[in-house]
Each structure stands twice: as C-alpha cells, then as structure tokens.
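Chemist: File structure-v9.txt follows (compact mmCIF, C-alpha atoms):
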# COMPACT_ATOMS: atom_id res chain seq x y z
CA MET Z 154 3.13 14.49 -3.05
CA ASN Z 155 1.64 11.75 -0.88
CA ARG Z 156 4.31 10.52 1.54
CA ILE Z 157 3.82 6.92 0.39
CA ASP Z 158 4.61 7.91 -3.20
CA ARG Z 159 7.64 9.88 -2.07
CA LEU Z 160 8.94 6.91 -0.08
CA PHE Z 161 8.81 4.52 -3.04
CA GLU Z 162 10.27 7.15 -5.34
CA GLU Z 163 13.26 7.65 -3.03
CA LYS Z 164 13.71 4.05 -1.82
CA LYS Z 165 13.33 1.22 -4.31
CA ASP Z 166 14.05 -1.78 -2.11
CA GLY Z 167 14.65 -2.98 1.42
CA ILE Z 168 11.63 -1.11 2.78
CA LEU Z 169 10.62 -2.16 6.28
CA SER Z 170 6.98 -1.49 7.10
CA VAL Z 171 5.71 -2.32 10.59
CA TYR Z 172 2.18 -2.97 11.77
CA PHE Z 173 1.06 -2.50 15.35
CA THR Z 174 -2.29 -2.27 17.08
CA ALA Z 175 -3.28 1.19 18.31
CA GLY Z 176 -3.77 1.23 22.08
CA TYR Z 177 -1.58 -1.82 22.75
CA PRO Z 178 -0.09 -2.74 25.16
CA GLN Z 179 -1.45 0.36 26.91
CA LEU Z 180 -4.03 2.83 25.64
CA ASP Z 181 -1.60 5.73 25.41
CA ASP Z 182 1.21 3.76 23.73
CA THR Z 183 0.12 4.58 20.18
CA VAL Z 184 2.20 7.71 19.60
CA PRO Z 185 5.26 6.48 21.58
CA VAL Z 186 5.33 3.35 19.39
CA ILE Z 187 5.15 5.42 16.19
CA LYS Z 188 7.95 7.72 17.32
CA ALA Z 189 10.15 4.82 18.42
CA LEU Z 190 9.71 3.03 15.07
CA GLU Z 191 10.67 6.14 13.12
CA ARG Z 192 13.75 6.70 15.31
CA LYS Z 193 14.97 3.19 14.47
CA GLY Z 194 14.68 3.71 10.71
CA VAL Z 195 11.39 2.01 9.88
CA SER Z 196 10.17 3.30 6.50
CA LEU Z 197 6.40 3.06 6.87
CA ILE Z 198 3.97 2.36 9.72
CA GLU Z 199 0.61 0.60 9.59
CA ILE Z 200 -1.57 1.56 12.54
CA GLY Z 201 -4.06 -1.20 13.31
CA VAL Z 202 -7.55 -0.06 14.28
CA PRO Z 203 -8.77 -2.79 16.68
CA PHE Z 204 -12.01 -4.61 15.86
CA SER Z 205 -13.89 -7.36 17.67
CA ASP Z 206 -14.02 -9.72 14.66
CA PRO Z 207 -10.72 -9.41 12.71
CA MET Z 208 -11.15 -12.27 10.25
CA ALA Z 209 -7.73 -12.00 8.56
CA ASP Z 210 -5.71 -11.74 11.76
CA GLY Z 211 -3.94 -14.55 13.55
CA PRO Z 212 -4.07 -15.14 17.32
CA VAL Z 213 -1.30 -12.67 18.23
CA ILE Z 214 -2.89 -9.68 16.51
CA GLN Z 215 -6.38 -10.75 17.59
CA ALA Z 216 -5.24 -10.79 21.22
CA SER Z 217 -3.66 -7.35 20.88
CA GLY Z 218 -6.90 -5.99 19.42
CA THR Z 219 -8.94 -7.43 22.26
CA ARG Z 220 -6.55 -5.88 24.77
CA ALA Z 221 -6.69 -2.51 23.01
CA LEU Z 222 -10.50 -2.52 22.99
CA HIS Z 223 -10.52 -3.36 26.70
CA ASN Z 224 -8.10 -0.47 27.19
CA GLY Z 225 -10.72 1.83 25.68
CA MET Z 226 -9.41 2.28 22.13
CA SER Z 227 -11.91 3.48 19.52
CA VAL Z 228 -11.76 5.20 16.15
CA LYS Z 229 -12.57 8.55 17.75
CA HIS Z 230 -9.93 8.08 20.46
CA LEU Z 231 -7.32 7.08 17.88
CA PHE Z 232 -7.83 10.26 15.87
CA GLY Z 233 -7.49 12.21 19.10
CA GLN Z 234 -4.15 10.50 19.73
CA LEU Z 235 -2.94 11.22 16.20
CA ALA Z 236 -3.80 14.91 16.28
CA GLY Z 237 -0.53 16.78 15.95
CA ILE Z 238 1.47 13.65 15.05
CA ARG Z 239 2.93 15.43 12.01
CA GLU Z 240 4.72 17.87 14.28
CA GLU Z 241 6.93 14.96 15.36
CA VAL Z 242 6.77 12.22 12.72
CA SER Z 243 7.50 12.48 8.99
CA ILE Z 244 7.32 8.91 7.61
CA PRO Z 245 4.16 7.59 5.90
CA LEU Z 246 1.32 6.45 8.14
CA VAL Z 247 -1.36 4.00 7.01
CA LEU Z 248 -4.49 3.05 8.93
CA MET Z 249 -5.39 -0.64 8.74
CA GLY Z 250 -8.85 -1.55 9.93
CA TYR Z 251 -12.02 -3.42 9.09
CA LEU Z 252 -15.08 -1.98 7.41
CA ASN Z 253 -17.62 -2.21 10.25
CA PRO Z 254 -16.11 0.44 12.58
CA ILE Z 255 -15.39 2.67 9.57
CA ILE Z 256 -19.01 2.51 8.40
CA GLN Z 257 -20.20 3.29 11.91
CA PHE Z 258 -17.92 6.34 11.99
CA GLY Z 259 -18.87 7.31 8.43
CA PHE Z 260 -16.33 6.82 5.66
CA GLU Z 261 -16.14 10.48 4.65
CA ASN Z 262 -15.73 11.50 8.29
CA TYR Z 263 -13.06 8.82 8.64
CA CYS Z 264 -11.15 10.17 5.63
CA ALA Z 265 -11.55 13.78 6.77
CA GLU Z 266 -10.22 13.03 10.25
CA ALA Z 267 -7.41 10.88 8.86
CA ALA Z 268 -6.34 13.61 6.44
CA LYS Z 269 -6.45 16.17 9.24
CA CYS Z 270 -4.01 14.00 11.21
CA GLY Z 271 -1.71 13.52 8.23
CA VAL Z 272 -2.57 9.91 7.46
CA ASP Z 273 -1.40 8.91 3.96
CA GLY Z 274 -3.23 5.68 3.25
CA MET Z 275 -5.73 3.08 4.39
CA ILE Z 276 -5.93 -0.69 4.22
CA ILE Z 277 -9.42 -2.14 4.63
CA PRO Z 278 -9.05 -5.93 4.26
CA ASP Z 279 -12.76 -6.68 3.92
CA LEU Z 280 -13.60 -3.90 1.44
CA PRO Z 281 -14.79 -5.50 -1.82
CA PHE Z 282 -13.05 -4.10 -4.88
CA THR Z 283 -16.32 -3.26 -6.64
CA GLU Z 284 -17.49 -1.22 -3.64
CA TYR Z 285 -14.12 0.48 -3.51
CA MET Z 286 -14.43 1.53 -7.14
CA GLU Z 287 -18.06 2.68 -6.89
CA SER Z 288 -18.21 4.39 -3.49
CA TYR Z 289 -14.91 4.61 -1.63
CA LYS Z 290 -12.30 5.57 -4.20
CA PRO Z 291 -13.78 9.01 -5.07
CA ILE Z 292 -14.04 10.00 -1.39
CA ALA Z 293 -10.53 8.82 -0.55
CA GLU Z 294 -9.11 10.69 -3.54
CA LYS Z 295 -10.93 13.85 -2.42
CA TYR Z 296 -8.86 13.76 0.79
CA GLY Z 297 -5.60 12.68 -0.86
CA ILE Z 298 -5.61 9.25 0.79
CA HIS Z 299 -4.45 6.10 -0.98
CA ILE Z 300 -6.55 2.97 -0.48
CA ILE Z 301 -4.15 0.02 -0.46
CA MET Z 302 -5.60 -3.24 -1.77
CA LEU Z 303 -4.49 -6.76 -0.88
CA ILE Z 304 -3.73 -9.63 -3.22
CA THR Z 305 -3.17 -13.29 -2.32
CA PRO Z 306 -1.77 -16.37 -4.09
CA GLU Z 307 -5.34 -17.08 -5.22
CA THR Z 308 -5.90 -13.66 -6.81
CA SER Z 309 -6.16 -13.97 -10.60
CA GLU Z 310 -3.84 -12.09 -12.91
CA GLU Z 311 -6.84 -10.22 -14.30
CA ARG Z 312 -7.83 -9.01 -10.83
CA ILE Z 313 -4.24 -8.11 -9.93
CA ARG Z 314 -3.95 -5.98 -13.05
CA LEU Z 315 -7.31 -4.34 -12.30
CA ILE Z 316 -6.16 -3.46 -8.79
CA ASP Z 317 -2.87 -2.18 -10.15
CA ALA Z 318 -4.66 0.07 -12.64
CA HIS Z 319 -7.06 1.63 -10.12
CA THR Z 320 -5.02 2.08 -6.94
CA LEU Z 321 -2.06 4.17 -5.86
CA GLY Z 322 0.64 3.82 -3.21
CA PHE Z 323 1.54 0.15 -3.15
CA ILE Z 324 -0.01 -3.29 -3.41
CA TYR Z 325 -0.07 -5.41 -0.26
CA MET Z 326 0.94 -8.93 -1.22
CA VAL Z 327 -0.36 -11.45 1.30
CA SER Z 328 2.27 -14.19 1.31
CA THR Z 329 -0.07 -17.12 1.92
CA ALA Z 330 -3.77 -17.91 2.00
CA SER Z 331 -3.76 -18.23 5.80
CA VAL Z 332 -4.17 -15.63 8.53
CA THR Z 333 -1.39 -13.42 9.87
CA GLY Z 334 1.37 -14.96 11.96
CA ALA Z 335 5.15 -15.33 12.13
CA ARG Z 336 6.92 -17.99 10.06
CA ASN Z 337 10.55 -19.06 9.91
CA SER Z 338 10.71 -19.39 6.11
CA PHE Z 339 8.63 -19.38 2.93
CA GLY Z 340 7.86 -22.54 1.01
CA GLU Z 341 8.44 -22.94 -2.71
CA GLU Z 342 4.76 -22.24 -3.42
CA SER Z 343 4.98 -18.80 -1.82
CA LEU Z 344 8.28 -18.03 -3.54
CA ALA Z 345 6.81 -19.01 -6.93
CA TYR Z 346 3.87 -16.66 -6.27
CA PHE Z 347 6.26 -13.80 -5.43
CA ARG Z 348 8.20 -14.39 -8.65
CA ARG Z 349 5.01 -14.68 -10.73
CA VAL Z 350 3.71 -11.31 -9.55
CA ASN Z 351 7.13 -9.71 -9.88
CA ALA Z 352 7.26 -10.83 -13.51
CA MET Z 353 3.99 -9.00 -14.22
CA GLN Z 354 5.89 -5.67 -14.05
CA LEU Z 355 3.08 -3.81 -12.32
CA LYS Z 356 3.12 -0.01 -12.09
CA ASN Z 357 2.62 -0.03 -8.32
CA PRO Z 358 5.41 -1.15 -5.97
CA ARG Z 359 4.64 -4.12 -3.72
CA LEU Z 360 5.19 -4.97 -0.08
CA ILE Z 361 4.90 -8.56 1.15
CA GLY Z 362 3.19 -9.27 4.46
CA PHE Z 363 1.96 -12.19 6.62
CA GLY Z 364 4.74 -14.40 7.94
CA ILE Z 365 7.69 -11.98 7.98
CA SER Z 366 9.47 -12.66 11.26
CA ASN Z 367 13.24 -12.93 10.73
CA LYS Z 368 16.07 -12.00 8.36
CA GLU Z 369 15.43 -15.00 6.11
CA THR Z 370 11.79 -14.15 5.45
CA PHE Z 371 12.51 -10.41 5.22
CA ASP Z 372 15.30 -10.93 2.68
CA ALA Z 373 13.20 -13.40 0.66
CA ALA Z 374 10.41 -10.85 0.42
CA CYS Z 375 12.78 -8.04 -0.50
CA ARG Z 376 14.23 -10.06 -3.38
CA GLU Z 377 10.82 -10.13 -5.10
CA ALA Z 378 9.25 -6.86 -3.91
CA SER Z 379 10.15 -3.40 -2.63
CA GLY Z 380 10.07 -4.59 0.95
CA ALA Z 381 8.13 -6.38 3.64
CA ILE Z 382 5.59 -5.80 6.39
CA ILE Z 383 6.06 -7.16 9.91
CA GLY Z 384 3.12 -7.38 12.28
CA SER Z 385 2.75 -10.39 14.57
CA LYS Z 386 6.46 -10.53 15.44
CA PHE Z 387 6.43 -6.90 16.57
CA ILE Z 388 3.17 -7.29 18.51
CA SER Z 389 4.75 -10.23 20.37
CA LEU Z 390 7.81 -8.13 21.21
CA LEU Z 391 5.65 -5.25 22.43
CA GLY Z 392 3.92 -7.68 24.77
CA SER Z 393 7.10 -9.27 26.11
CA GLU Z 394 9.81 -6.60 26.24
CA GLU Z 395 10.17 -4.21 29.18
CA THR Z 396 9.90 -1.05 27.10
CA ILE Z 397 8.69 0.07 23.68
CA ASP Z 398 12.24 1.08 22.71
CA LYS Z 399 13.57 -2.40 23.54
CA ALA Z 400 10.81 -4.03 21.49
CA VAL Z 401 11.61 -1.83 18.49
CA GLU Z 402 15.36 -2.39 18.86
CA LYS Z 403 14.92 -6.16 18.97
CA LEU Z 404 12.62 -6.07 15.96
CA VAL Z 405 15.15 -4.21 13.84
CA GLU Z 406 17.93 -6.53 14.99
CA THR Z 407 15.80 -9.54 14.01
CA VAL Z 408 15.45 -8.57 10.36
CA ARG Z 409 18.72 -6.73 9.79
Let's see the structure in the file written out as structure tokens.
Modeler:
Amino acid sequence: MNRIDRLFEEKKDGILSVYFTAGYPQLDDTVPVIKALERKGVSLIEIGVPFSDPMADGPVIQASGTRALHNGMSVKHLFGQLAGIREEVSIPLVLMGYLNPIIQFGFENYCAEAAKCGVDGMIIPDLPFTEYMESYKPIAEKYGIHIIMLITPETSEERIRLIDAHTLGFIYMVSTASVTGARNSFGEESLAYFRRVNAMQLKNPRLIGFGISNKETFDAACREASGAIIGSKFISLLGSEETIDKAVEKLVETVR
C-alpha cells in the first residue's frame, strides 16, 4: 500500500504535513530536515524542488528556492540525497515542484528515480488537469506514485469532483486565491469554502495549505479537513533558528 494511503487509513484527522525547500538553508540539509521532522511526529513531508520562477509561492518560499539553487540544488542532486532515505525514514514523502525542471529531466525518469528513492507522491502546481489525465497519470501509476492535485476557492464543484474521481492520495486545498504565506487567521470566506468542500463528501481526504502558521489556523483547517500543510512558517524558522532541531521544535510548539 502507498504510504500516503496508509497514513489516511490509520489517521483520520489532525494530520500535520510540512513543506520545506530541498537544499535550504544549506545544500546538505535536505535529509537532516526530513529526519528531524519525522522525529517530532510530523505525519507527512513535502519536499520542495526549487525552481527559478515559482509562480504560486510567496516571498519566503521564493527566497528559499533562490538560496537552494545558489547552493547547487538540482533535480539530479536531490535524488542523490534521497537515495537510501527509506533506511531511516518511514513517513510519506511527496515531491512538490514545477513542470519545467521535471520536463527537462524527463517525466518518466523523474518518476523512476522518485520511486527508487521511496517517494510516494508528487505535487506539480502548474500541471494542467487535462495533461495529467492524458500523459502523466498512466506513467505515475506505473511507478506507484500518486499525483496530488490542488483546488482553490475558485475551483468549480464539477472540476473538484473530476479531480476527486481521477486522483489518489489526498486533495490539496489551497485556502485562498493568493500565493503562499503565513496568516494569523482565516476569514469567513475561506471558512465557508472549507465547509462547502467538506459537505461534498469526497472520496479523497483533504489537507488545507497556504496560510497555516499558528494553532488557530491549524485547528480551523483540521475542523474541516484531515489536516493542514505548513510551509512558509517552517521555512522562516529554518532561516532564523540556530539549528534544524530547534526550528522543528518551535514549529511543532506553534501549532500544538
């Protein structure tokens, strides 16, 4: 069974998923960050593949990607870092990256290398759903990798149900129409969107991301979904705390 499926089968709510940028703050920090997050009880990890033009990312994640690229991070280097990761880490791992570097690497090669490293899923924010269905889904399925699709407050019910019917793992609910970034609370519009999607009784579990930065936003997301994804807040902590362990400890304290 795919580790993502096993996670949602065993844990129905309160799931904490954390995003970080591979190769940030230092090139060789990728695996230490993953191991530290698992030690502190994080349920799922999204490993950001840095790209020079990350259109959905806010300034914090953009800056971390720029730093990682300057450090020498690349798709090939990342797979080298992840080789053997399953000897030490058991929680689900998801790669999150944009289409351009993946196409340059070759999507089937990307899936093959990811599967070899024990990656369970991929999030490709700029992958059109029609292209996913026609070209990407069969290859990903061949390697046992779930492609996670995003929905936003503007996504129609018809499209949400289509995504739900043709994907596995979970649905990534983007909390607002803006880019990533920490927020102190969710407005009524976001909360109404969470409730609307929850009422659709989709087959796939959902995680809410963009704007999760404290206990209030984490709890609000968990009331209407299986859990929440934190990115910008953790990237900021990685950049400001003395050690990776301290950044992870402060993150967990912030939401719990």
Chemist: Counting all atoms listed in the file, give me one row per residue of range 301-371 of chain Z with an atom at most 10 Å from an atom of range 281-288 of chain Z, showing the shortest contact pair and its distance in Å to one decimal, sorted by chain then residue number, as JSON lines.
Modeler:
{"residue": "Z:Met302", "atom": "CA", "partner": "Z:Phe282", "partner_atom": "CA", "distance": 8.1}
{"residue": "Z:Leu303", "atom": "CA", "partner": "Z:Phe282", "partner_atom": "CA", "distance": 9.8}
{"residue": "Z:Arg312", "atom": "CA", "partner": "Z:Phe282", "partner_atom": "CA", "distance": 9.3}
{"residue": "Z:Leu315", "atom": "CA", "partner": "Z:Phe282", "partner_atom": "CA", "distance": 9.4}
{"residue": "Z:Ile316", "atom": "CA", "partner": "Z:Phe282", "partner_atom": "CA", "distance": 7.9}
{"residue": "Z:His319", "atom": "CA", "partner": "Z:Met286", "partner_atom": "CA", "distance": 8.0}
{"residue": "Z:Thr320", "atom": "CA", "partner": "Z:Met286", "partner_atom": "CA", "distance": 9.4}
Chemist: Using all atoms listed in the file, which protein or nucleic acid residues come within 12 Å of range 338-355 of chain Z? Drop anything in the same chain fewer than 4 positions from it, and give the result as a PDB file with C-alpha atoms, in the frame of the given file.
Modeler:
ATOM      1  CA  ILE Z 304      -3.730  -9.630  -3.220  1.00  0.00           C
ATOM      2  CA  THR Z 305      -3.170 -13.290  -2.320  1.00  0.00           C
ATOM      3  CA  PRO Z 306      -1.770 -16.370  -4.090  1.00  0.00           C
ATOM      4  CA  GLU Z 307      -5.340 -17.080  -5.220  1.00  0.00           C
ATOM      5  CA  THR Z 308      -5.900 -13.660  -6.810  1.00  0.00           C
ATOM      6  CA  SER Z 309      -6.160 -13.970 -10.600  1.00  0.00           C
ATOM      7  CA  GLU Z 310      -3.840 -12.090 -12.910  1.00  0.00           C
ATOM      8  CA  GLU Z 311      -6.840 -10.220 -14.300  1.00  0.00           C
ATOM      9  CA  ARG Z 312      -7.830  -9.010 -10.830  1.00  0.00           C
ATOM     10  CA  ILE Z 313      -4.240  -8.110  -9.930  1.00  0.00           C
ATOM     11  CA  ARG Z 314      -3.950  -5.980 -13.050  1.00  0.00           C
ATOM     12  CA  LEU Z 315      -7.310  -4.340 -12.300  1.00  0.00           C
ATOM     13  CA  ILE Z 316      -6.160  -3.460  -8.790  1.00  0.00           C
ATOM     14  CA  ASP Z 317      -2.870  -2.180 -10.150  1.00  0.00           C
ATOM     15  CA  ALA Z 318      -4.660   0.070 -12.640  1.00  0.00           C
ATOM     16  CA  HIS Z 319      -7.060   1.630 -10.120  1.00  0.00           C
ATOM     17  CA  THR Z 320      -5.020   2.080  -6.940  1.00  0.00           C
ATOM     18  CA  LEU Z 321      -2.060   4.170  -5.860  1.00  0.00           C
ATOM     19  CA  PHE Z 323       1.540   0.150  -3.150  1.00  0.00           C
ATOM     20  CA  ILE Z 324      -0.010  -3.290  -3.410  1.00  0.00           C
ATOM     21  CA  TYR Z 325      -0.070  -5.410  -0.260  1.00  0.00           C
ATOM     22  CA  MET Z 326       0.940  -8.930  -1.220  1.00  0.00           C
ATOM     23  CA  VAL Z 327      -0.360 -11.450   1.300  1.00  0.00           C
ATOM     24  CA  SER Z 328       2.270 -14.190   1.310  1.00  0.00           C
ATOM     25  CA  THR Z 329      -0.070 -17.120   1.920  1.00  0.00           C
ATOM     26  CA  ALA Z 330      -3.770 -17.910   2.000  1.00  0.00           C
ATOM     27  CA  SER Z 331      -3.760 -18.230   5.800  1.00  0.00           C
ATOM     28  CA  GLY Z 334       1.370 -14.960  11.960  1.00  0.00           C
ATOM     29  CA  ARG Z 359       4.640  -4.120  -3.720  1.00  0.00           C
ATOM     30  CA  LEU Z 360       5.190  -4.970  -0.080  1.00  0.00           C
ATOM     31  CA  ILE Z 361       4.900  -8.560   1.150  1.00  0.00           C
ATOM     32  CA  GLY Z 362       3.190  -9.270   4.460  1.00  0.00           C
ATOM     33  CA  PHE Z 363       1.960 -12.190   6.620  1.00  0.00           C
ATOM     34  CA  GLY Z 364       4.740 -14.400   7.940  1.00  0.00           C
ATOM     35  CA  ILE Z 365       7.690 -11.980   7.980  1.00  0.00           C
ATOM     36  CA  SER Z 366       9.470 -12.660  11.260  1.00  0.00           C
ATOM     37  CA  ASN Z 367      13.240 -12.930  10.730  1.00  0.00           C
ATOM     38  CA  LYS Z 368      16.070 -12.000   8.360  1.00  0.00           C
ATOM     39  CA  GLU Z 369      15.430 -15.000   6.110  1.00  0.00           C
ATOM     40  CA  THR Z 370      11.790 -14.150   5.450  1.00  0.00           C
ATOM     41  CA  PHE Z 371      12.510 -10.410   5.220  1.00  0.00           C
ATOM     42  CA  ASP Z 372      15.300 -10.930   2.680  1.00  0.00           C
ATOM     43  CA  ALA Z 373      13.200 -13.400   0.660  1.00  0.00           C
ATOM     44  CA  ALA Z 374      10.410 -10.850   0.420  1.00  0.00           C
ATOM     45  CA  CYS Z 375      12.780  -8.040  -0.500  1.00  0.00           C
ATOM     46  CA  ARG Z 376      14.230 -10.060  -3.380  1.00  0.00           C
ATOM     47  CA  GLU Z 377      10.820 -10.130  -5.100  1.00  0.00           C
ATOM     48  CA  ALA Z 378       9.250  -6.860  -3.910  1.00  0.00           C
ATOM     49  CA  SER Z 379      10.150  -3.400  -2.630  1.00  0.00           C
ATOM     50  CA  GLY Z 380      10.070  -4.590   0.950  1.00  0.00           C
ATOM     51  CA  ALA Z 381       8.130  -6.380   3.640  1.00  0.00           C
TER      52      ALA Z 381
END
Chemist: Using CA of Leu222 in chain Z and CA of Ile388 in chain Z as the two end points, give the distance in Å to one decimal.
Modeler: 15.2 Å
Chemist: Distance cut-off 10 Å, centre (10.5, 5.9, 16.9) in file coordinates, counting only C-alpha atoms: which residues qualify? Return them as a list in words.
Modeler: Val184, Pro185, Val186, Ile187, Lys188, Ala189, Leu190, Glu191, Arg192, Lys193, Gly194, Val195, Glu241, Val242, Ile397, Asp398, Val401 and Glu402 of chain Z
Chemist: Write out as a PDB file with C-alpha atoms, keeping the file's coordinate frame each polymer residue whose atoms come within 12 Å of Lys386 in chain Z, counting all atoms listed in the file; drop sequence neighbours fewer than 3 positions from it.
Modeler:
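Result saved to selection_25.pdb:
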ATOM      1  CA  VAL Z 171       5.710  -2.320  10.590  1.00  0.00           C
ATOM      2  CA  TYR Z 172       2.180  -2.970  11.770  1.00  0.00           C
ATOM      3  CA  PHE Z 173       1.060  -2.500  15.350  1.00  0.00           C
ATOM      4  CA  GLY Z 211      -3.940 -14.550  13.550  1.00  0.00           C
ATOM      5  CA  PRO Z 212      -4.070 -15.140  17.320  1.00  0.00           C
ATOM      6  CA  VAL Z 213      -1.300 -12.670  18.230  1.00  0.00           C
ATOM      7  CA  ILE Z 214      -2.890  -9.680  16.510  1.00  0.00           C
ATOM      8  CA  SER Z 217      -3.660  -7.350  20.880  1.00  0.00           C
ATOM      9  CA  THR Z 333      -1.390 -13.420   9.870  1.00  0.00           C
ATOM     10  CA  GLY Z 334       1.370 -14.960  11.960  1.00  0.00           C
ATOM     11  CA  ALA Z 335       5.150 -15.330  12.130  1.00  0.00           C
ATOM     12  CA  ARG Z 336       6.920 -17.990  10.060  1.00  0.00           C
ATOM     13  CA  ASN Z 337      10.550 -19.060   9.910  1.00  0.00           C
ATOM     14  CA  GLY Z 362       3.190  -9.270   4.460  1.00  0.00           C
ATOM     15  CA  PHE Z 363       1.960 -12.190   6.620  1.00  0.00           C
ATOM     16  CA  GLY Z 364       4.740 -14.400   7.940  1.00  0.00           C
ATOM     17  CA  ILE Z 365       7.690 -11.980   7.980  1.00  0.00           C
ATOM     18  CA  SER Z 366       9.470 -12.660  11.260  1.00  0.00           C
ATOM     19  CA  ASN Z 367      13.240 -12.930  10.730  1.00  0.00           C
ATOM     20  CA  THR Z 370      11.790 -14.150   5.450  1.00  0.00           C
ATOM     21  CA  PHE Z 371      12.510 -10.410   5.220  1.00  0.00           C
ATOM     22  CA  ILE Z 382       5.590  -5.800   6.390  1.00  0.00           C
ATOM     23  CA  ILE Z 383       6.060  -7.160   9.910  1.00  0.00           C
ATOM     24  CA  SER Z 389       4.750 -10.230  20.370  1.00  0.00           C
ATOM     25  CA  LEU Z 390       7.810  -8.130  21.210  1.00  0.00           C
ATOM     26  CA  LEU Z 391       5.650  -5.250  22.430  1.00  0.00           C
ATOM     27  CA  GLY Z 392       3.920  -7.680  24.770  1.00  0.00           C
ATOM     28  CA  SER Z 393       7.100  -9.270  26.110  1.00  0.00           C
ATOM     29  CA  GLU Z 394       9.810  -6.600  26.240  1.00  0.00           C
ATOM     30  CA  ALA Z 400      10.810  -4.030  21.490  1.00  0.00           C
ATOM     31  CA  VAL Z 401      11.610  -1.830  18.490  1.00  0.00           C
ATOM     32  CA  LYS Z 403      14.920  -6.160  18.970  1.00  0.00           C
ATOM     33  CA  LEU Z 404      12.620  -6.070  15.960  1.00  0.00           C
ATOM     34  CA  VAL Z 405      15.150  -4.210  13.840  1.00  0.00           C
ATOM     35  CA  THR Z 407      15.800  -9.540  14.010  1.00  0.00           C
ATOM     36  CA  VAL Z 408      15.450  -8.570  10.360  1.00  0.00           C
TER      37      VAL Z 408
END
Chemist: Have a look at CA of Lys295 in chain Z and CA of Met154 in chain Z and let me know their distance in Å, one decimal.
Modeler: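 Separation between CA of Lys295 in chain Z and CA of Met154 in chain Z: 14.1 Å.
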Chemist: Between CA of Pro358 in chain Z and CA of Ser170 in chain Z, what distance in Å does the model show, to one decimal?
Modeler: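 Result for CA of Pro358 in chain Z versus CA of Ser170 in chain Z: 13.2 Å, one decimal.
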Chemist: For range 283-300 of chain Z, take all atoms listed in the file, fit an axis-aligned box around them, add 8 Å to each of the six sides, then output centre and edge lengths in Å rounded to one decimal, as AutoDock Vina command-line options.
Modeler:
--center_x -11.3 --center_y 5.3 --center_z -3.2 --size_x 29.8 --size_y 33.1 --size_z 23.9
Chemist: Which of these residues is nearest to Glu163 in chain Z, using only C-alpha atoms: Z:Ser196, Z:Ser243, Z:Gln257, Z:Gln234?
Modeler: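 Smallest distance to Glu163 in chain Z is found for Z:Ser196.
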Chemist: Between Z:Phe232, Z:Tyr251, Z:Tyr289, Z:Phe161, single out the one closest to Ala267 in chain Z, counting only C-alpha atoms.
Modeler: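 So, comparing all the options, the nearest one is Z:Phe232.
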Chemist: Which is closest to Pro278 in chain Z among Z:Thr396, Z:Gln179, Z:Asn262, Z:Asn253, if we use only C-alpha atoms?
Modeler: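 Using only C-alpha atoms, Pro278 in chain Z sits closest to Z:Asn253.
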